[in-house]
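Below you'll find the structure, written out as structure tokens, and then a few comments.
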Amino acid sequence: MEIRTLSPFFSVSPQITPEDVGVIAALGFKTIISNRPDQESESQPDNTLIRAATERAGLDWHHMPVISGNITEQDVDQFQDLIHRANGPVLAFCRTGTRCASLWAMSQARQHDVDAVLQATQAAGYDLTGSRQRLLAQASRGAGNLPQAVRRHDVVIVGGGAGGLATAASLLSRQPDLNIGVIEPAQHHYYQPGWTLVGGGVFDRAQTARPMSQVMPKAVHWHQTAVAQFEPAAREVVLEDGERIGYRILVVSPGLKLNWEAIPGLQESLGSHGVTSNYRFDLAPYTWELVQHLKQGTALFTQPPMPIKCAGAPQKAMYLACNHWQRNNRLGQINTEFCTAGAALFGVQDYVPALMEYVERYNIQLAFQNTLLQVDGPGKRAVFARSKANGEVEHIEKAFDMIHVCPPQIAPDLIRNSPLANAEGWLDVSPETLQHNQYGDIFGLGDGAGTPNAKTAAAVRKQAPVVAENVLAALEGQPLRSIYDGYGSCPLTVERGRIVLAEFTYGGKLAPSFPSWLINGTRPSRLAWLLKEKMLPWLYWQGMLKGHEWLAAPKRLPHEPNRHEAVPACDFKEPRQP
């Protein structure tokens with residue numbers, strides 16, 4: 001079996017056998033297309049047997065027979081429609097692979113530059129220069145039906161947050177001449193991990209914001225607008241103004257959506273009536289104002305169902321508030337309650353004992369499986385759904401003098417309503433390579449990715465180099481060898497001056513960055529506080545966003561040459577001018 005890659009989504013092969021199907025599935029292909037008619041030659045394997053093996057392996061099967069040397073316009077139409085609908089990556093085969101490559105080239109010529117298509121087939125070992133006139137005819141036909149991209153980039157990055165900018169910087173640190181376009185409408189970039197400290201009176205809000213123009217890498221083309229939709233079959237994104245931007249590789253890092261509207265009464269009350277949240281730049285100072293002025297009464301801190309960004313943030317706000325009240329001899333007059341939709345204080349058990357010491361020290365009441373449903377700001381009341389041990393759910397009303405709300409969080413509409421989403425609406429990427437599970441020329445990272453890691457800036461710091469290395473490998477048609485292990489970090493600020501530095505990978509496995517004699521992450525530490533307050537902001541602005549990967553080098557698989565190796569990789573190459 002000899003697999004040849006034409007694009008990240010599509011590869012071809014000469015005739016395969018039923019025995020090859022297991023290897024094809026292991027290589028990550030999702031669909032097999034047979035373009036060879038039955039009984040074309042005496043030695044040809046039975047398509048029925050190949051189909052049975054394909055279905056046993058859980059792959060999709062399509063038989064679209066095409067007569068050798070007689071590819072019709074109807075064949076090209078049918079093939080183009082099949083590829084657009086197929087679950088990818090796709091492997092097509094015929095006797096030698098030439099028919100499949102020709103079908104692909106004709107369908108692609110309707111959307112892309114003919115010379116680029118010919119370069120891609122030539123690189124895969126199929127010389128189709130004799131079909132140039134027919135490809136040009138296909139290009140002319142496609143021009144009347146499909147809008148053409150005005151500009152193209154080697155890499156298009158959607159999102160100018162931590163994930164997008166860190167990936168751009170990591171790519172440029174490896175290949176400075178790479179043609180990168182970043183699509184981001186915002187004019188300011190925020191260091192969101194600092195908002196907890198703003199709400200705790202440690203940072204000033206201005207410390208957490210910078211003009212986007214100051215942090216955007218100078219070597220990229222910044223498209224100062226938003227994406228309206230993805231068109232992965234055409235390898236284009238459509239901008240809000242209708243302009244189309246083409247790419248060889250797409251990196252998607254749009255963050256997530258804070259779903260404030262999911263809780264009736266919340267949006268109307270935020271910033272007044274004692275209702276606040278550190279999850280908004282403009283509200284974090286109000287949190288500190290409430291903490292300072294509350295003398296007695298009830299303070300509620302909420303946490304919605306997972307996933308959320310920085311799962312420790314709701315607790316951090318609570319611990320800093322309690323620590324302030326304790327320092328000012330008010331803790332005994334304030335009833336503090338942590339209302340979490342979860343069934344545990346923290347998802348990684350090793351850190352729970354240290355957190356429980358502070359829960360007891362501050363006399364915090366833990367209300368597990370309490371999900372916020374409604375907020376009445378003027379009435380200073382909140383309604384929760386409480387799950388009981390017998391499975392029943394009851395609604396309970398709680399009065400408050402102050403309530404810090406962590407809103408429910410979902411994938412952004414742009415992802416949820418696109419072909420890039422998984423069943424839950426998040427970006428459907430591999431948890432390890434961060435490559436899209438259907439489209440091999442798309443990668444994703446950050447809070448919008450459907451990976452089971454903690455959604456933290458520390459996770460992005462580790463993901464960006466992995467994406468950068470794998471993107472460059474894909475551009476060169478090489479296998480993907482950089483692996484993300486699920487690292488996440490949550491500096492749990494338990495008091496002003498001390499932090500429980502939680503660090504872990506997939507499955508809750510502890511992953512400390514420092515030896516235990518320096519920082520024992522399972523215990524409160526003053527050194528971890530200095531790291532959080534002094535070093536991490538500097539590391540973010542001057543390291544991560546500038547392509548410096550201190551303590552963030554990606555893990556790599558060893559290179560083992562394999563003639564069957566066919567990780568979907570490079571798209572056809574085009575000139576690298578913006």
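Within each chain, counting starts at residue 1; across the structure tokens, chains are named A, B, ... in the order shown, with ligands numbered 1 upward in that order.
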
Skipping near chain neighbours, those fewer than 5 positions away, what residues fall within 6 Å of A:Cys339 using only C-alpha atoms, listed as a PDB file with C-alpha atoms, in the first residue's frame?
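As written to disk, around-v9.pdb reads:
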ATOM      1  CA  THR A 302     -21.176  30.627  42.496  1.00  0.00           C
ATOM      2  CA  ALA A 367     -23.195  23.942  48.906  1.00  0.00           C
ATOM      3  CA  ASN A 370     -26.200  23.986  43.613  1.00  0.00           C
TER       4      ASN A 370
END

Alpha helix (DSSP H) positions in stretch 271-431 of chain A, given as a ChimeraX atom specification: /A:284-293,313-327,352-361,413-416

Distance query A:Val429 at most 10 Å, only C-alpha atoms, self and fewer than 6 positions along chain excluded, as an MDAnalysis selection string: chainID A and resid 420:422 435:440 442:445 449:451

Selection from above, N, CA and C atoms, as a PDB file, in the first residue's frame, can you write it?
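For reference, selection25.pdb as written:
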ATOM      1  N   LEU A 420     -17.051  22.791  11.980  1.00  0.00           N
ATOM      2  CA  LEU A 420     -15.853  22.468  12.765  1.00  0.00           C
ATOM      3  C   LEU A 420     -16.183  21.960  14.162  1.00  0.00           C
ATOM      4  N   ALA A 421     -17.468  21.980  14.543  1.00  0.00           N
ATOM      5  CA  ALA A 421     -17.863  21.683  15.920  1.00  0.00           C
ATOM      6  C   ALA A 421     -18.050  20.188  16.152  1.00  0.00           C
ATOM      7  N   ASN A 422     -17.814  19.762  17.406  1.00  0.00           N
ATOM      8  CA  ASN A 422     -18.173  18.408  17.809  1.00  0.00           C
ATOM      9  C   ASN A 422     -19.621  18.402  18.302  1.00  0.00           C
ATOM     10  N   GLN A 435      -4.954  18.774  16.083  1.00  0.00           N
ATOM     11  CA  GLN A 435      -5.406  18.821  14.704  1.00  0.00           C
ATOM     12  C   GLN A 435      -6.889  18.478  14.663  1.00  0.00           C
ATOM     13  N   HIS A 436      -7.625  19.128  13.766  1.00  0.00           N
ATOM     14  CA  HIS A 436      -9.052  18.859  13.650  1.00  0.00           C
ATOM     15  C   HIS A 436      -9.272  17.397  13.267  1.00  0.00           C
ATOM     16  N   ASN A 437     -10.299  16.799  13.847  1.00  0.00           N
ATOM     17  CA  ASN A 437     -10.544  15.379  13.624  1.00  0.00           C
ATOM     18  C   ASN A 437     -11.115  15.075  12.250  1.00  0.00           C
ATOM     19  N   GLN A 438     -11.601  16.073  11.543  1.00  0.00           N
ATOM     20  CA  GLN A 438     -12.138  15.850  10.203  1.00  0.00           C
ATOM     21  C   GLN A 438     -11.318  16.554   9.134  1.00  0.00           C
ATOM     22  N   TYR A 439     -10.871  17.761   9.426  1.00  0.00           N
ATOM     23  CA  TYR A 439     -10.144  18.553   8.443  1.00  0.00           C
ATOM     24  C   TYR A 439      -8.676  18.643   8.841  1.00  0.00           C
ATOM     25  N   GLY A 440      -7.826  17.945   8.091  1.00  0.00           N
ATOM     26  CA  GLY A 440      -6.420  17.876   8.461  1.00  0.00           C
ATOM     27  C   GLY A 440      -5.661  19.167   8.319  1.00  0.00           C
ATOM     28  N   ILE A 442      -6.696  22.009   9.518  1.00  0.00           N
ATOM     29  CA  ILE A 442      -7.198  22.903  10.570  1.00  0.00           C
ATOM     30  C   ILE A 442      -6.686  22.426  11.928  1.00  0.00           C
ATOM     31  N   PHE A 443      -6.231  23.373  12.732  1.00  0.00           N
ATOM     32  CA  PHE A 443      -5.803  23.099  14.098  1.00  0.00           C
ATOM     33  C   PHE A 443      -6.558  24.050  15.026  1.00  0.00           C
ATOM     34  N   GLY A 444      -6.646  23.687  16.290  1.00  0.00           N
ATOM     35  CA  GLY A 444      -7.341  24.537  17.244  1.00  0.00           C
ATOM     36  C   GLY A 444      -6.736  24.431  18.628  1.00  0.00           C
ATOM     37  N   LEU A 445      -6.884  25.493  19.392  1.00  0.00           N
ATOM     38  CA  LEU A 445      -6.375  25.503  20.763  1.00  0.00           C
ATOM     39  C   LEU A 445      -7.131  26.534  21.572  1.00  0.00           C
ATOM     40  N   ALA A 449     -11.480  24.969  22.324  1.00  0.00           N
ATOM     41  CA  ALA A 449     -11.166  23.625  21.845  1.00  0.00           C
ATOM     42  C   ALA A 449     -11.899  22.567  22.672  1.00  0.00           C
ATOM     43  N   GLY A 450     -12.356  21.539  22.000  1.00  0.00           N
ATOM     44  CA  GLY A 450     -13.073  20.459  22.683  1.00  0.00           C
ATOM     45  C   GLY A 450     -12.140  19.418  23.241  1.00  0.00           C
ATOM     46  N   THR A 451     -11.180  19.838  24.035  1.00  0.00           N
ATOM     47  CA  THR A 451     -10.226  18.932  24.674  1.00  0.00           C
ATOM     48  C   THR A 451     -10.500  18.917  26.184  1.00  0.00           C
TER      49      THR A 451
END

Do you have, as a Markdown table, the list of residues of stretch 226-318 of chain A lying at most 12 Å from stretch 105-112 of chain A, each with its nearest atom pair and that distance in Å to one decimal, counting only C-alpha atoms and ordered by chain then number?
| residue | atom | partner | partner_atom | distance |
| --- | --- | --- | --- | --- |
| A:Glu231 | CA | A:Gln111 | CA | 11.7 |
| A:Pro232 | CA | A:Gln111 | CA | 12.0 |
| A:Ala233 | CA | A:Gln108 | CA | 9.6 |
| A:Ala234 | CA | A:Gln111 | CA | 6.7 |
| A:Arg235 | CA | A:Gln111 | CA | 9.2 |
| A:Glu236 | CA | A:Gln111 | CA | 10.0 |
| A:Gly246 | CA | A:His112 | CA | 9.4 |
| A:Tyr247 | CA | A:His112 | CA | 10.8 |
| A:Arg248 | CA | A:His112 | CA | 11.1 |

Write the residues you've just listed into a file as a CSV table (one decimal), in the first residue's frame, and include N, CA and C atoms for each of them.
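Generated file (result38.csv):
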chain,number,residue,atom,x,y,z
A,231,GLU,N,-15.5,27.9,5.7
A,231,GLU,CA,-15.8,27.1,4.5
A,231,GLU,C,-14.6,26.1,4.3
A,232,PRO,N,-14.5,25.1,5.1
A,232,PRO,CA,-13.3,24.2,5.1
A,232,PRO,C,-13.1,23.5,3.8
A,233,ALA,N,-14.2,23.2,3.1
A,233,ALA,CA,-14.1,22.5,1.8
A,233,ALA,C,-13.3,23.4,0.8
A,234,ALA,N,-13.6,24.7,0.9
A,234,ALA,CA,-12.9,25.6,0.0
A,234,ALA,C,-11.6,26.2,0.5
A,235,ARG,N,-11.3,25.8,1.8
A,235,ARG,CA,-10.2,26.3,2.5
A,235,ARG,C,-10.2,27.8,2.6
A,236,GLU,N,-11.3,28.3,3.0
A,236,GLU,CA,-11.5,29.8,3.1
A,236,GLU,C,-12.3,30.1,4.3
A,246,GLY,N,-8.2,33.0,2.0
A,246,GLY,CA,-7.8,31.6,1.8
A,246,GLY,C,-6.6,31.3,2.7
A,247,TYR,N,-6.4,30.0,2.8
A,247,TYR,CA,-5.3,29.5,3.7
A,247,TYR,C,-4.9,28.1,3.2
A,248,ARG,N,-3.6,27.8,3.6
A,248,ARG,CA,-3.1,26.5,3.5
A,248,ARG,C,-3.4,25.7,4.8

Residues within 12 Å of A:Trp61, only C-alpha atoms, excluding chain neighbours under 6 positions, as a PyMOL selection string: chain A and resi 21+29-35+47-55+82+86-88+90-93

Next, the residues of the selection above should be written as a short mmCIF file (atom, residue, chain, number, x, y, z; two decimals), in the first residue's frame with C-alpha atoms.
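Once everything was written out, this is again37.cif:
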data_model
loop_
_atom_site.label_atom_id
_atom_site.label_comp_id
_atom_site.auth_asym_id
_atom_site.auth_seq_id
_atom_site.Cartn_x
_atom_site.Cartn_y
_atom_site.Cartn_z
CA VAL A 21 -8.03 -1.26 5.81
CA PHE A 29 -8.61 8.23 7.84
CA LYS A 30 -12.38 8.39 8.24
CA THR A 31 -13.61 7.67 4.69
CA ILE A 32 -12.51 5.38 1.84
CA ILE A 33 -13.61 6.07 -1.74
CA SER A 34 -13.21 3.51 -4.50
CA ASN A 35 -13.02 5.06 -7.97
CA ASN A 47 -14.85 -4.27 -3.68
CA THR A 48 -17.47 -6.06 -1.58
CA LEU A 49 -14.75 -7.47 0.66
CA ILE A 50 -13.02 -4.11 0.96
CA ARG A 51 -16.32 -2.46 1.83
CA ALA A 52 -17.00 -5.06 4.56
CA ALA A 53 -13.54 -4.49 6.06
CA THR A 54 -14.09 -0.73 5.89
CA GLU A 55 -17.38 -0.92 7.75
CA LEU A 82 -18.88 13.57 -2.44
CA ALA A 86 -17.37 13.21 3.22
CA ASN A 87 -16.18 12.66 6.75
CA GLY A 88 -12.44 13.25 6.55
CA VAL A 90 -10.41 10.82 2.98
CA LEU A 91 -8.45 8.12 1.14
CA ALA A 92 -9.46 7.44 -2.49
CA PHE A 93 -8.04 4.59 -4.56
#

Residues of stretch 117-232 of chain A that approach stretch 286-291 of chain A to 12 Å or less, counting only C-alpha atoms: could you list each one with the shortest pair of atoms and its distance in Å to one decimal, rows by chain and increasing residue number, as a tab-separated table?
residue	atom	partner	partner_atom	distance
A:Trp195	CA	A:Thr287	CA	10.1
A:Thr196	CA	A:Thr287	CA	9.3
A:Leu197	CA	A:Trp288	CA	9.2
A:Val198	CA	A:Trp288	CA	7.2
A:Gly199	CA	A:Trp288	CA	4.7
A:Gly200	CA	A:Trp288	CA	5.6
A:Gly201	CA	A:Trp288	CA	5.7
A:Val202	CA	A:Trp288	CA	9.4
A:Phe203	CA	A:Trp288	CA	10.4
A:Asp204	CA	A:Trp288	CA	10.6
A:Arg205	CA	A:Tyr286	CA	10.8

Spatial neighbours of A:Trp104, 9 Å, only C-alpha atoms, chain gap at least 2 places, as a ChimeraX atom specification: /A:6,10,76,79-80,83,99-102,106-109

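Take the candidates A:Gln365, A:Gln44, A:Ser269, A:Asn278 and check each one against A:Leu300 using only C-alpha atoms; the shortest distance goes to A:Gln365.
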
All strand (DSSP E or B) positions in stretch 145-263 of chain A, as a VMD selection string: chain A and resid 151 to 158 180 to 183 188 to 190 209 to 211 221 to 223 227 to 231 236 to 239 244 to 252 257 to 258
